[in-house]
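Here is work-v6.cif, consisting of mmCIF, C-alpha atoms:
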data_protein
loop_
_atom_site.label_atom_id
_atom_site.label_comp_id
_atom_site.auth_asym_id
_atom_site.auth_seq_id
_atom_site.Cartn_x
_atom_site.Cartn_y
_atom_site.Cartn_z
CA MET U 99 -98.29 118.86 89.57
CA ARG U 100 -95.15 116.81 90.09
CA GLY U 101 -95.62 114.11 87.47
CA VAL U 102 -97.60 110.92 87.05
CA LEU U 103 -98.06 107.59 88.80
CA TYR U 104 -98.40 104.46 86.72
CA TYR U 105 -98.28 100.69 86.99
CA ASP U 106 -95.45 99.03 85.07
CA ARG U 107 -95.79 95.70 83.23
CA ASP U 108 -95.00 93.81 86.45
CA GLY U 109 -97.73 95.62 88.34
CA ALA U 110 -95.38 97.80 90.39
CA LEU U 111 -96.52 101.37 91.06
CA ARG U 112 -94.03 103.86 89.62
CA GLU U 113 -93.69 107.62 89.68
CA GLN U 114 -92.53 109.57 86.65
CA ARG U 115 -91.67 113.14 87.49
CA ALA U 116 -92.15 115.70 84.73
CA PRO U 117 -92.08 119.52 84.41
CA LEU U 118 -95.08 119.30 82.10
CA VAL U 119 -97.76 116.63 81.74
CA VAL U 120 -99.71 116.25 78.47
CA ILE U 121 -102.90 114.16 78.49
CA ALA U 122 -104.34 112.79 75.24
CA CYS U 123 -106.87 110.13 76.27
CA ASN U 124 -109.86 111.71 74.49
CA GLY U 125 -113.41 112.38 75.67
CA ILE U 126 -113.80 109.41 78.00
CA GLY U 127 -110.25 108.47 79.01
CA THR U 128 -109.16 111.98 79.92
CA PRO U 129 -111.99 112.74 82.38
CA ARG U 130 -111.61 109.25 83.84
CA LEU U 131 -107.94 109.96 84.53
CA LEU U 132 -108.63 113.39 86.03
CA LEU U 133 -111.60 112.26 88.14
CA ASN U 134 -109.51 109.41 89.53
CA SER U 135 -106.64 111.79 90.37
CA ARG U 136 -107.96 113.10 93.67
CA SER U 137 -105.93 114.83 96.34
CA SER U 138 -106.47 117.24 99.20
CA SER U 139 -105.98 120.09 96.71
CA PHE U 140 -108.36 118.53 94.22
CA PRO U 141 -110.92 116.46 96.14
CA GLU U 142 -113.27 116.35 93.12
CA GLY U 143 -110.53 115.35 90.70
CA LEU U 144 -107.52 117.04 89.19
CA ALA U 145 -108.20 120.31 87.35
CA ASN U 146 -111.87 120.04 88.31
CA ARG U 147 -112.53 123.10 90.48
CA SER U 148 -115.12 124.15 87.90
CA GLY U 149 -116.92 120.82 88.28
CA LEU U 150 -116.95 120.53 84.50
CA VAL U 151 -114.57 117.60 84.07
CA GLY U 152 -116.70 114.88 82.48
CA LYS U 153 -119.63 117.19 81.65
CA ASN U 154 -121.01 118.08 78.21
CA LEU U 155 -120.12 114.80 76.56
CA MET U 156 -120.85 114.97 72.84
CA PHE U 157 -121.00 112.21 70.22
CA HIS U 158 -122.17 112.63 66.66
CA PRO U 159 -125.79 111.55 66.25
CA PHE U 160 -125.79 109.31 63.19
CA ALA U 161 -128.35 107.71 60.93
CA ALA U 162 -127.66 105.19 58.18
CA VAL U 163 -129.96 105.22 55.16
CA GLY U 164 -129.59 102.66 52.37
CA GLY U 165 -131.21 102.72 48.95
CA VAL U 166 -131.90 99.49 47.07
CA PHE U 167 -131.61 99.86 43.31
CA PRO U 168 -133.37 97.15 41.27
CA GLY U 169 -132.27 95.68 37.99
CA GLU U 170 -128.73 95.26 36.85
CA GLY U 171 -126.07 95.47 39.54
CA ILE U 172 -124.37 98.83 40.12
CA ASP U 173 -121.01 97.39 41.23
CA SER U 174 -121.49 99.01 44.62
CA SER U 175 -119.05 96.65 46.34
CA SER U 176 -116.16 98.23 44.46
CA GLY U 177 -114.25 101.50 44.78
CA PRO U 178 -113.57 103.95 47.62
CA ILE U 179 -116.01 103.34 50.46
CA GLY U 180 -116.20 106.50 52.55
CA SER U 181 -117.63 109.90 51.68
CA ILE U 182 -117.73 109.44 47.91
CA VAL U 183 -119.93 112.54 47.91
CA PHE U 184 -120.05 114.85 50.90
CA SER U 185 -122.71 117.50 51.38
CA HIS U 186 -122.93 120.38 53.86
CA GLU U 187 -126.12 121.78 52.36
CA PHE U 188 -127.94 121.33 55.69
CA TYR U 189 -125.01 122.16 57.95
CA GLU U 190 -126.02 125.60 59.21
CA THR U 191 -128.97 126.53 61.41
CA ASP U 192 -132.30 127.10 59.68
CA VAL U 193 -134.94 127.42 62.41
CA ARG U 194 -137.71 126.58 59.94
CA ARG U 195 -136.47 122.99 60.11
CA GLY U 196 -137.34 122.70 63.80
CA PHE U 197 -133.85 122.31 65.21
CA VAL U 198 -130.64 124.27 65.62
CA ARG U 199 -127.32 123.53 63.92
CA GLY U 200 -127.27 120.88 61.22
CA PHE U 201 -125.75 117.80 59.69
CA GLY U 202 -123.58 116.50 56.90
CA LEU U 203 -124.56 113.87 54.35
CA GLN U 204 -121.96 111.30 53.35
CA ILE U 205 -122.55 108.89 50.50
CA VAL U 206 -121.06 105.48 51.22
CA ARG U 207 -121.03 102.53 48.85
CA GLN U 208 -122.22 99.09 49.85
CA SER U 209 -119.61 96.56 50.93
CA GLY U 210 -118.66 93.02 49.90
CA PRO U 211 -120.82 89.89 50.24
CA LEU U 212 -120.07 89.02 53.87
CA HIS U 213 -120.62 92.54 55.20
CA THR U 214 -123.76 92.83 53.09
CA ALA U 215 -125.14 89.61 54.63
CA LEU U 216 -124.26 90.81 58.14
CA GLY U 217 -126.15 94.04 57.58
CA GLY U 218 -123.78 96.39 55.78
CA PHE U 219 -123.78 100.10 56.46
CA THR U 220 -127.31 100.11 57.85
CA THR U 221 -126.48 97.12 60.14
CA GLN U 222 -129.72 95.37 59.18
CA ARG U 223 -128.87 91.73 58.70
CA VAL U 224 -130.14 89.81 55.71
CA PRO U 225 -132.76 87.38 57.12
CA TRP U 226 -131.93 83.71 57.50
CA GLY U 227 -134.11 80.99 56.00
CA ASP U 228 -136.17 80.92 52.84
CA ALA U 229 -135.96 84.67 52.21
CA HIS U 230 -132.19 84.78 52.59
CA HIS U 231 -131.05 84.44 48.98
CA ARG U 232 -133.74 86.76 47.61
CA VAL U 233 -132.95 89.59 50.03
CA PHE U 234 -129.21 89.08 49.62
CA ALA U 235 -129.54 89.32 45.83
CA GLU U 236 -131.63 92.48 46.17
CA ARG U 237 -128.95 94.17 48.28
CA PHE U 238 -125.59 92.86 47.14
CA ASP U 239 -124.15 95.17 44.47
CA HIS U 240 -127.54 96.96 44.44
CA MET U 241 -127.23 99.44 47.32
CA ILE U 242 -125.91 102.92 47.90
CA ASN U 243 -125.97 104.35 51.42
CA ILE U 244 -126.10 107.81 52.91
CA GLY U 245 -124.82 108.60 56.37
CA VAL U 246 -126.48 111.49 58.22
CA MET U 247 -124.04 112.86 60.79
CA GLY U 248 -125.44 115.57 63.04
CA GLU U 249 -123.88 118.17 65.27
CA ASP U 250 -124.44 117.23 68.89
CA LEU U 251 -125.10 120.01 71.38
CA PRO U 252 -123.16 120.32 74.64
CA GLU U 253 -125.48 119.36 77.50
CA ALA U 254 -124.40 118.96 81.12
CA ILE U 255 -126.60 115.88 81.58
CA ASN U 256 -124.47 113.97 79.08
CA GLU U 257 -121.43 113.09 81.11
CA VAL U 258 -118.61 110.78 82.09
CA VAL U 259 -118.41 109.93 85.80
CA LEU U 260 -116.63 107.20 87.74
CA ASP U 261 -118.40 103.88 87.96
CA PRO U 262 -119.20 103.09 91.62
CA ASP U 263 -119.05 99.33 90.99
CA LEU U 264 -116.80 98.57 88.02
CA SER U 265 -113.02 98.91 88.16
CA ASP U 266 -110.03 97.74 86.13
CA GLY U 267 -107.45 95.13 87.09
CA HIS U 268 -105.69 97.61 89.39
CA GLY U 269 -108.89 98.51 91.19
CA ILE U 270 -109.12 101.91 89.50
CA PRO U 271 -112.74 102.92 88.87
CA ALA U 272 -113.92 102.56 85.28
CA PRO U 273 -115.70 105.35 83.45
CA LEU U 274 -119.49 105.37 83.47
CA VAL U 275 -121.04 107.12 80.47
CA ARG U 276 -124.45 108.76 80.77
CA TYR U 277 -125.85 109.92 77.46
CA ARG U 278 -129.23 110.53 75.92
CA LEU U 279 -130.05 111.79 72.47
CA SER U 280 -131.46 115.30 72.77
CA ASP U 281 -134.80 116.28 71.25
CA ASN U 282 -132.85 118.62 68.96
CA SER U 283 -130.74 115.71 67.68
CA VAL U 284 -133.81 113.50 67.20
CA ARG U 285 -135.50 116.18 65.07
CA MET U 286 -132.25 116.75 63.18
CA LEU U 287 -131.85 113.07 62.36
CA ASP U 288 -135.50 112.74 61.32
CA PHE U 289 -135.07 115.64 58.92
CA GLY U 290 -131.77 114.25 57.62
CA VAL U 291 -133.19 110.77 57.09
CA ALA U 292 -136.05 112.26 55.06
CA ARG U 293 -133.60 114.22 52.88
CA ALA U 294 -131.38 111.16 52.38
CA GLY U 295 -134.43 109.10 51.39
CA GLN U 296 -135.40 111.77 48.85
CA VAL U 297 -131.91 111.70 47.34
CA LEU U 298 -131.93 107.91 47.03
CA GLU U 299 -135.44 107.78 45.57
CA ALA U 300 -134.62 110.53 43.09
CA ALA U 301 -131.66 108.40 42.01
CA GLY U 302 -133.92 105.40 41.39
CA ALA U 303 -134.02 103.47 44.65
CA THR U 304 -137.20 101.46 45.03
CA ASP U 305 -136.65 100.57 48.67
CA VAL U 306 -135.05 102.63 51.42
CA VAL U 307 -133.62 100.94 54.53
CA VAL U 308 -133.25 103.19 57.57
CA ASN U 309 -131.37 102.70 60.82
CA SER U 310 -131.75 105.80 62.97
CA PRO U 311 -130.16 106.48 65.33
CA LEU U 312 -127.36 104.05 64.58
CA ARG U 313 -126.63 102.75 68.07
CA PRO U 314 -122.96 101.79 67.54
CA SER U 315 -122.16 105.30 66.32
CA GLY U 316 -120.61 106.76 69.48
CA TRP U 317 -117.24 106.97 67.77
CA HIS U 318 -116.32 110.59 68.38
CA LEU U 319 -115.82 111.37 72.06
CA LEU U 320 -115.88 115.09 72.66
CA GLY U 321 -116.45 117.92 75.08
CA THR U 322 -115.72 116.60 78.58
CA CYS U 323 -112.89 119.05 79.42
CA ARG U 324 -114.12 122.04 77.52
CA MET U 325 -111.94 124.94 76.47
CA GLY U 326 -112.72 128.53 77.50
CA GLU U 327 -111.51 131.83 78.82
CA HIS U 328 -112.90 131.60 82.34
CA ALA U 329 -111.90 129.03 84.95
CA ALA U 330 -115.45 128.85 86.31
CA GLU U 331 -116.89 127.91 82.92
CA SER U 332 -114.25 125.67 81.39
CA VAL U 333 -111.43 123.23 82.19
CA VAL U 334 -108.63 124.38 79.87
CA ASP U 335 -107.62 127.67 78.30
CA CYS U 336 -107.21 128.39 74.60
CA TRP U 337 -103.85 126.56 74.58
CA GLY U 338 -105.23 123.41 76.19
CA ARG U 339 -103.61 124.30 79.53
CA ALA U 340 -105.67 123.42 82.60
CA HIS U 341 -106.95 126.55 84.36
CA ASP U 342 -106.30 124.96 87.74
CA VAL U 343 -102.88 123.37 87.04
CA ASP U 344 -100.27 125.38 85.14
CA ASN U 345 -98.19 122.42 83.99
CA LEU U 346 -101.04 120.19 82.82
CA VAL U 347 -102.07 120.28 79.17
CA ILE U 348 -104.85 118.38 77.36
CA VAL U 349 -104.68 117.74 73.62
CA ASP U 350 -107.64 115.59 72.57
CA GLY U 351 -111.34 115.74 71.72
CA SER U 352 -112.32 116.44 75.30
CA THR U 353 -111.43 120.14 74.91
CA PHE U 354 -114.02 120.71 72.16
CA VAL U 355 -116.69 123.24 73.12
CA THR U 356 -118.94 122.32 70.21
CA SER U 357 -118.87 119.12 68.20
CA ALA U 358 -119.37 120.34 64.61
CA ALA U 359 -120.78 117.72 62.23
CA VAL U 360 -117.52 116.43 60.79
CA ASN U 361 -114.99 113.83 61.86
CA PRO U 362 -112.86 115.47 64.56
CA THR U 363 -109.40 113.92 64.14
CA THR U 364 -107.91 116.61 61.91
CA THR U 365 -109.13 119.32 64.28
CA ILE U 366 -107.65 117.44 67.25
CA GLN U 367 -104.37 117.17 65.34
CA ALA U 368 -104.40 120.89 64.50
CA LEU U 369 -105.06 121.82 68.13
CA ALA U 370 -102.29 119.46 69.29
CA LEU U 371 -99.80 121.03 66.88
CA ARG U 372 -100.86 124.50 68.00
CA THR U 373 -100.42 123.54 71.64
CA ALA U 374 -97.03 121.97 70.86
CA ASP U 375 -95.91 125.25 69.26
CA TYR U 376 -97.12 127.09 72.36
CA ILE U 377 -95.21 124.76 74.68
CA LYS U 378 -92.05 125.16 72.62
CA ARG U 379 -92.43 128.94 72.52
CA THR U 380 -93.00 129.28 76.25
CA ARG U 381 -90.75 126.46 77.46
CA GLY U 382 -89.19 127.36 80.78
CA ARG U 383 -91.73 130.07 81.41
CA ALA U 384 -94.75 127.94 82.28
CA MET E 281 -111.47 62.49 67.23
CA SER E 282 -109.01 65.26 66.27
CA SER E 283 -108.12 68.18 68.56
CA GLU E 284 -110.53 70.32 66.52
CA SER E 285 -113.45 67.92 67.05
CA VAL E 286 -115.70 68.91 69.91
CA LEU E 287 -119.04 67.60 68.63
CA GLU E 288 -120.51 64.12 68.74
CA GLU E 289 -121.63 62.78 65.36
CA SER E 290 -125.28 63.46 66.21
CA GLN E 291 -124.49 67.06 67.18
CA ARG E 292 -122.49 67.52 63.99
CA ALA E 293 -125.42 66.25 61.91
CA LEU E 294 -127.79 68.54 63.78
CA LEU E 295 -125.55 71.59 63.21
CA LYS E 296 -125.36 70.70 59.52
CA ALA E 297 -129.15 70.55 59.26
CA VAL E 298 -129.51 73.86 61.12
CA LEU E 299 -127.00 75.56 58.82
CA ASN E 300 -128.82 74.22 55.76
CA ARG E 301 -132.00 75.86 57.06
CA ILE E 302 -130.28 79.18 57.87
CA ILE E 303 -128.74 79.40 54.40
CA PRO E 304 -130.67 76.90 52.25
CA PRO E 305 -129.46 75.45 48.93
CA HIS E 306 -129.83 77.91 46.08
CA ALA E 307 -129.16 78.10 42.35
CA GLY E 308 -127.10 74.95 42.18
CA LEU E 309 -125.15 75.68 45.37
CA PRO E 310 -125.64 73.43 48.39
CA GLY E 311 -126.77 74.92 51.70
CA ALA E 312 -124.31 76.22 54.27
CA GLY E 313 -124.33 72.90 56.14
CA ASP E 314 -123.50 70.84 53.08
CA LEU E 315 -120.70 73.30 52.25
CA ASP E 316 -119.12 72.34 55.61
CA VAL E 317 -119.57 75.72 57.28
CA GLY E 318 -120.09 73.60 60.40
CA GLY E 319 -116.45 72.56 60.18
CA SER E 320 -115.25 76.15 60.63
CA ILE E 321 -117.68 76.61 63.52
CA GLU E 322 -116.37 73.47 65.20
CA ARG E 323 -112.80 74.71 64.83
CA SER E 324 -113.82 77.96 66.52
CA MET E 325 -115.52 76.00 69.29
CA ALA E 326 -112.31 74.06 69.86
CA VAL E 327 -110.42 77.22 70.83
CA SER E 328 -113.15 79.09 72.72
CA THR E 329 -114.69 77.78 75.92
CA HIS E 330 -117.38 80.44 75.72
CA LEU E 331 -118.34 79.52 72.16
CA ARG E 332 -118.23 75.80 72.95
CA ARG E 333 -120.61 76.20 75.87
CA LEU E 334 -122.89 78.54 73.89
CA PHE E 335 -123.20 76.18 70.93
CA LEU E 336 -123.52 72.97 72.95
CA ASP E 337 -126.27 74.49 75.08
CA GLY E 338 -127.97 75.95 72.01
CA LEU E 339 -127.89 72.70 70.07
CA SER E 340 -129.38 70.92 73.07
CA GLU E 341 -132.18 73.47 73.10
CA ILE E 342 -132.92 72.75 69.43
CA VAL E 343 -133.18 69.03 70.24
CA ILE E 344 -135.53 69.71 73.16
CA THR E 345 -137.68 72.21 71.24
CA SER E 346 -138.00 69.88 68.26
CA GLN E 347 -139.10 66.95 70.45
CA ARG E 348 -141.46 69.06 72.55
CA HIS E 349 -143.36 70.54 69.61
CA ASN E 350 -143.02 67.85 66.93
CA GLN E 351 -142.08 64.64 68.75
CA LYS E 352 -139.38 64.21 66.11
CA GLU E 353 -135.71 64.96 65.69
CA PHE E 354 -134.88 68.22 63.93
CA GLY E 355 -133.35 66.44 60.93
CA GLU E 356 -136.59 64.51 60.34
CA LEU E 357 -138.74 67.64 60.06
CA ASP E 358 -139.78 69.34 56.85
CA SER E 359 -138.45 72.82 56.17
CA VAL E 360 -141.56 74.59 57.51
CA SER E 361 -141.34 72.77 60.84
CA GLN E 362 -137.59 73.25 61.03
CA THR E 363 -138.08 76.99 60.53
CA ALA E 364 -140.71 77.05 63.28
CA VAL E 365 -138.33 75.30 65.69
CA LEU E 366 -135.49 77.70 64.91
CA GLU E 367 -137.78 80.70 65.31
CA ARG E 368 -138.72 79.46 68.80
CA VAL E 369 -135.06 78.97 69.70
CA GLU E 370 -134.20 82.39 68.26
CA ARG E 371 -136.74 84.00 70.60
CA ALA E 372 -135.75 81.96 73.65
CA TRP E 373 -131.95 81.90 73.14
CA PRO E 374 -131.12 85.05 71.16
CA ALA E 375 -127.40 85.11 72.01
CA PHE E 376 -126.91 81.56 70.77
CA PHE E 377 -128.97 82.07 67.67
CA LEU E 378 -127.25 85.32 66.73
CA ALA E 379 -123.91 83.50 67.04
CA VAL E 380 -125.11 80.66 64.80
CA VAL E 381 -126.37 83.05 62.13
CA GLU E 382 -123.24 85.20 62.19
CA HIS E 383 -120.94 82.19 62.03
CA ALA E 384 -123.03 80.73 59.22
CA TYR E 385 -122.75 83.96 57.22
CA ARG E 386 -119.03 84.34 57.93
CA GLY E 387 -118.33 80.79 56.86
CA TYR E 388 -120.58 80.81 53.80
CA TYR E 389 -119.69 84.20 52.34
CA THR E 390 -115.95 83.64 52.56
CA LEU E 391 -116.08 80.46 50.46
CA PRO E 392 -114.59 80.83 46.95
CA ALA E 393 -117.42 78.70 45.52
CA VAL E 394 -119.99 81.17 46.90
CA HIS E 395 -118.05 84.18 45.60
CA GLN E 396 -118.02 82.59 42.18
CA ALA E 397 -121.73 81.83 42.32
CA ILE E 398 -122.71 85.42 43.18
CA GLY E 399 -120.24 86.96 40.74
CA PHE E 400 -117.95 88.53 43.32
CA ALA E 401 -114.28 88.80 42.47
CA SER E 402 -111.93 89.63 45.31
CA ARG E 403 -109.43 92.23 44.15
CA PRO E 404 -106.56 94.08 45.82
CA PRO E 405 -107.20 97.59 47.15
CA GLN E 406 -106.53 100.63 45.04
CA PRO E 407 -104.38 101.44 43.17
CA LEU E 408 -103.68 97.76 42.40
CA GLY E 409 -107.34 96.85 41.95
CA HIS E 410 -110.80 98.40 41.62
CA HIS E 411 -109.75 100.80 38.86
CA LEU E 412 -112.01 103.80 38.46
CA ALA E 413 -112.72 105.86 35.38
CA PRO E 414 -111.21 109.40 35.57
CA PHE E 415 -113.47 111.87 37.38
CA ASP E 416 -115.62 114.01 35.11
CA PRO E 417 -115.59 117.58 36.53
CA VAL E 418 -118.67 118.48 34.47
CA LEU E 419 -120.65 116.51 37.04
CA LEU E 420 -120.17 119.36 39.53
CA GLU E 421 -120.93 122.24 37.17
CA LYS E 422 -124.38 122.83 38.69
CA GLN E 423 -122.95 122.98 42.22
CA ARG E 424 -120.19 125.39 41.15
CA LEU E 425 -122.75 127.86 39.83
CA ARG E 426 -124.66 128.01 43.13
CA ALA E 427 -124.30 130.88 45.56
CA PRO E 428 -122.49 129.95 48.81
CA PHE E 429 -124.80 128.49 51.45
CA TRP E 430 -122.15 128.53 54.15
CA ARG E 431 -121.18 131.25 56.61
CA ARG E 432 -117.76 132.82 56.48
CA THR E 433 -115.98 132.44 59.81
CA ASP E 434 -114.49 135.96 59.66
CA GLU E 435 -117.95 137.53 59.59
CA PRO E 436 -120.43 137.77 62.47
CA GLY E 437 -122.77 134.75 62.67
#
Target format structure tokens, applied to this file:
Amino acid sequence: MRGVLYYDRDGALREQRAPLVVIACNGIGTPRLLLNSRSSSFPEGLANRSGLVGKNLMFHPFAAVGGVFPGEGIDSSSGPIGSIVFSHEFYETDVRRGFVRGFGLQIVRQSGPLHTALGGFTTQRVPWGDAHHRVFAERFDHMINIGVMGEDLPEAINEVVLDPDLSDGHGIPAPLVRYRLSDNSVRMLDFGVARAGQVLEAAGATDVVVNSPLRPSGWHLLGTCRMGEHAAESVVDCWGRAHDVDNLVIVDGSTFVTSAAVNPTTTIQALALRTADYIKRTRGRA
Amino acid sequence: MSSESVLEESQRALLKAVLNRIIPPHAGLPGAGDLDVGGSIERSMAVSTHLRRLFLDGLSEIVITSQRHNQKEFGELDSVSQTAVLERVERAWPAFFLAVVEHAYRGYYTLPAVHQAIGFASRPPQPLGHHLAPFDPVLLEKQRLRAPFWRRTDEPG
């Protein structure tokens, strides 16, 4: 490829030529860019001869489980909030559980008064009206939460395509995300929620609040330009270089083949640094 | 009328009564309406056409619902009837009602008087605030003694 086209701040279309183009728009932005970059050489989108650009979208199925601890407050609105305790005890496959792969458990403290009233970690709002103050008092400084974060499986039906109706201010089609929670993920979350409830009850919780799956949890956008050895089965090679376009490199979550059950940023950073080393080592030879 | 005033007096009184029903008086603290949470909502309405339209339409619906089912103004109803009116509006106008509740909570739970009443002290983030006791490694002794339950990546899966 010769470079990129972009709109400047005044709305003028510009061309930036480049010997190498690096894309880092993650699991939705990257396939949107490639699918919109059609030409006679790539009628289905740039670097998409495999037809896999946009396919195998993975999130991290997530459940929020909160335990309410009666009696004296436990100061749970204070201290570090994320992953105070982190468990991978159920991370690996055990087919006796009824699903493949596994999940991590993250213990998260409750938040301050406003976030508690608005629903806190489990996003279940304290009711308005006569019950408001009683329920607020039960939860504020009396809750510990556990997040169940599962490993999503790559499935072709979960995908990013171009929206036939919606476009941005320049008329460029927006991404359309199609995703459904797999049966495997549903069973995984059910199992994880039960384990989290056991932990909280063993610690003294008298009430367990569950929100599963947590709908706003599509934070990690992975898998839509998967990495692999063969051009027919993947979009980029082991260095993030597009099989179909020698001077196009992708360094973001879209190249993940599996999702793992951990936050992906450090892995994306490691892959980006590895690819940067590769580019530096092979500069002028690509 | 100041630039931040977008409500008529009757609408302001209605909003105050609604807020007092959403977060009623409790343990010596007035309700959200009497703590002037409505004032912060009105300031938000002054800078957002969307919010202004949403709240004005929603307040009108409360007036209509109250008259239709009780033949009285909302402010004249007892708390049970007020709750019934708001529950009807919540079902019929969920976007408006969600906005009212969220604005009520945001206004109420950021008031210093409320923080004091519930025993919440706002402190700076660590390391300047929220000091923690040193970690006791003995807590993990049981876990350290367990056999690995993970798979080494340099061995076949």
Report the residues retrieved by the PyMOL selection byres ((chain U and resi 262) around 10) from the displayed file, expressed as a list of chain:residue names. U:Val259, U:Leu260, U:Asp261, U:Asp263, U:Leu264, U:Ser265, U:Pro271, U:Ala272, U:Pro273, U:Leu274
Writing out the chosen residues with C-alpha atoms as an mmCIF file, in the coordinates of the input:
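Result file is out_0.cif:
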data_model
loop_
_atom_site.group_PDB
_atom_site.id
_atom_site.type_symbol
_atom_site.label_atom_id
_atom_site.label_comp_id
_atom_site.auth_asym_id
_atom_site.auth_seq_id
_atom_site.Cartn_x
_atom_site.Cartn_y
_atom_site.Cartn_z
ATOM 1 C CA VAL U 259 -118.410 109.930 85.800
ATOM 2 C CA LEU U 260 -116.630 107.200 87.740
ATOM 3 C CA ASP U 261 -118.400 103.880 87.960
ATOM 4 C CA ASP U 263 -119.050 99.330 90.990
ATOM 5 C CA LEU U 264 -116.800 98.570 88.020
ATOM 6 C CA SER U 265 -113.020 98.910 88.160
ATOM 7 C CA PRO U 271 -112.740 102.920 88.870
ATOM 8 C CA ALA U 272 -113.920 102.560 85.280
ATOM 9 C CA PRO U 273 -115.700 105.350 83.450
ATOM 10 C CA LEU U 274 -119.490 105.370 83.470
#
Evaluate the PyMOL selection byres ((chain E) within 8 of (chain U)) and report residues as a VMD selection string: chain E and resid 301 to 304 306 363 381 to 382 385 to 386 389 to 390 395 400 406 410 to 412 429 to 431
Kindly export the residues of the current selection with C-alpha atoms, as a compact mmCIF listing (two decimals), in the frame of the given file.
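Dumped to selection.txt:
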# COMPACT_ATOMS: atom_id res chain seq x y z
CA ARG E 301 -132.00 75.86 57.06
CA ILE E 302 -130.28 79.18 57.87
CA ILE E 303 -128.74 79.40 54.40
CA PRO E 304 -130.67 76.90 52.25
CA HIS E 306 -129.83 77.91 46.08
CA THR E 363 -138.08 76.99 60.53
CA VAL E 381 -126.37 83.05 62.13
CA GLU E 382 -123.24 85.20 62.19
CA TYR E 385 -122.75 83.96 57.22
CA ARG E 386 -119.03 84.34 57.93
CA TYR E 389 -119.69 84.20 52.34
CA THR E 390 -115.95 83.64 52.56
CA HIS E 395 -118.05 84.18 45.60
CA PHE E 400 -117.95 88.53 43.32
CA GLN E 406 -106.53 100.63 45.04
CA HIS E 410 -110.80 98.40 41.62
CA HIS E 411 -109.75 100.80 38.86
CA LEU E 412 -112.01 103.80 38.46
CA PHE E 429 -124.80 128.49 51.45
CA TRP E 430 -122.15 128.53 54.15
CA ARG E 431 -121.18 131.25 56.61
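When all atoms listed in the file are used to compute distances to Arg107 of chain U, the closest of the residues U:Thr380, U:His268, U:Arg278, U:Pro168 turns out to be U:His268.
Applied to the file shown here, the PyMOL selection byres ((chain U and resi 359-363) around 7) selects His158, Phe201, Gly202, Met247, Gly248, Glu249, Ser357, Ala358, Thr364, Thr365, Ile366 and Gln367 of chain U.
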So which one's closest to Leu366 of chain E, E:Arg424, E:Ala297, E:Pro392, E:Thr329? Using all atoms listed in the file, please.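 With all atoms listed in the file as the atom set, the closest residue is E:Ala297.
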For Glu353 of chain E, list every protein, DNA or RNA residue within 9 Å, evaluated using only C-alpha atoms, and leave out those in the same chain fewer than 5 positions away; present the list as a list of chain:residue names.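 Those residues are E:Leu294, E:Val343, E:Ile344, E:Ser346, E:Gln347.
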In Å, with one decimal, what is the gap from atom CA of Ala254 of chain U to atom CA of Ser352 of chain U?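 Taking atom CA of Ala254 of chain U and atom CA of Ser352 of chain U, their separation equals 13.6 Å.
Proximity of E:Ala384, E:Leu334, E:Leu391, E:Leu408 to Asn300 of chain E, computed with all atoms listed in the file, is greatest for E:Ala384.
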Residues within 12 Å of Arg285 of chain U, only C-alpha atoms, excluding chain neighbours under 2 positions, as a VMD selection string: chain U and resid 159 161 193 to 201 248 to 250 279 to 283 287 to 292 310 to 311
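With all atoms listed in the file taken into account, the protein and nucleic acid residues at most 12 Å from Leu331 of chain E (excluding it and anything under 2 positions from it in its own chain) are E:Val286, E:Ile321, E:Glu322, E:Arg323, E:Ser324, E:Met325, E:Ala326, E:Val327, E:Ser328, E:Thr329, E:Arg333, E:Leu334, E:Phe335, E:Leu336, E:Asp337, E:Gly338, E:Leu339, E:Ala375, E:Phe376, E:Phe377, E:Leu378, E:Ala379, E:Val380, E:His383.
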Correct to one decimal, the distance atom CA of Thr304 of chain U-atom CA of Val183 of chain U is 20.7 Å
Selected residue of minimal separation from Val166 of chain U among U:Val258, U:Leu118, U:Ala303, U:Leu133, counting all atoms listed in the file: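 Residue with the minimum atom-to-atom distance to Val166 of chain U: U:Ala303.
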Can you put N, CA and C atoms back into segment 184-190 of chain U and show it as a short mmCIF file (atom, residue, chain, number, x, y, z; two decimals), in the frame of the given file?
data_model
loop_
_atom_site.label_atom_id
_atom_site.label_comp_id
_atom_site.auth_asym_id
_atom_site.auth_seq_id
_atom_site.Cartn_x
_atom_site.Cartn_y
_atom_site.Cartn_z
N PHE U 184 -119.92 114.29 49.56
CA PHE U 184 -120.05 114.85 50.90
C PHE U 184 -120.82 116.15 50.78
N SER U 185 -121.89 116.29 51.51
CA SER U 185 -122.71 117.50 51.38
C SER U 185 -122.87 118.22 52.72
N HIS U 186 -122.68 119.53 52.69
CA HIS U 186 -122.93 120.38 53.86
C HIS U 186 -124.11 121.31 53.61
N GLU U 187 -124.99 120.90 52.72
CA GLU U 187 -126.12 121.78 52.36
C GLU U 187 -127.01 122.06 53.57
N PHE U 188 -127.07 121.15 54.52
CA PHE U 188 -127.94 121.33 55.69
C PHE U 188 -127.12 121.50 56.96
N TYR U 189 -125.95 122.09 56.82
CA TYR U 189 -125.01 122.16 57.95
C TYR U 189 -125.35 123.29 58.92
N GLU U 190 -125.79 124.43 58.37
CA GLU U 190 -126.02 125.60 59.21
C GLU U 190 -127.46 125.63 59.76
#
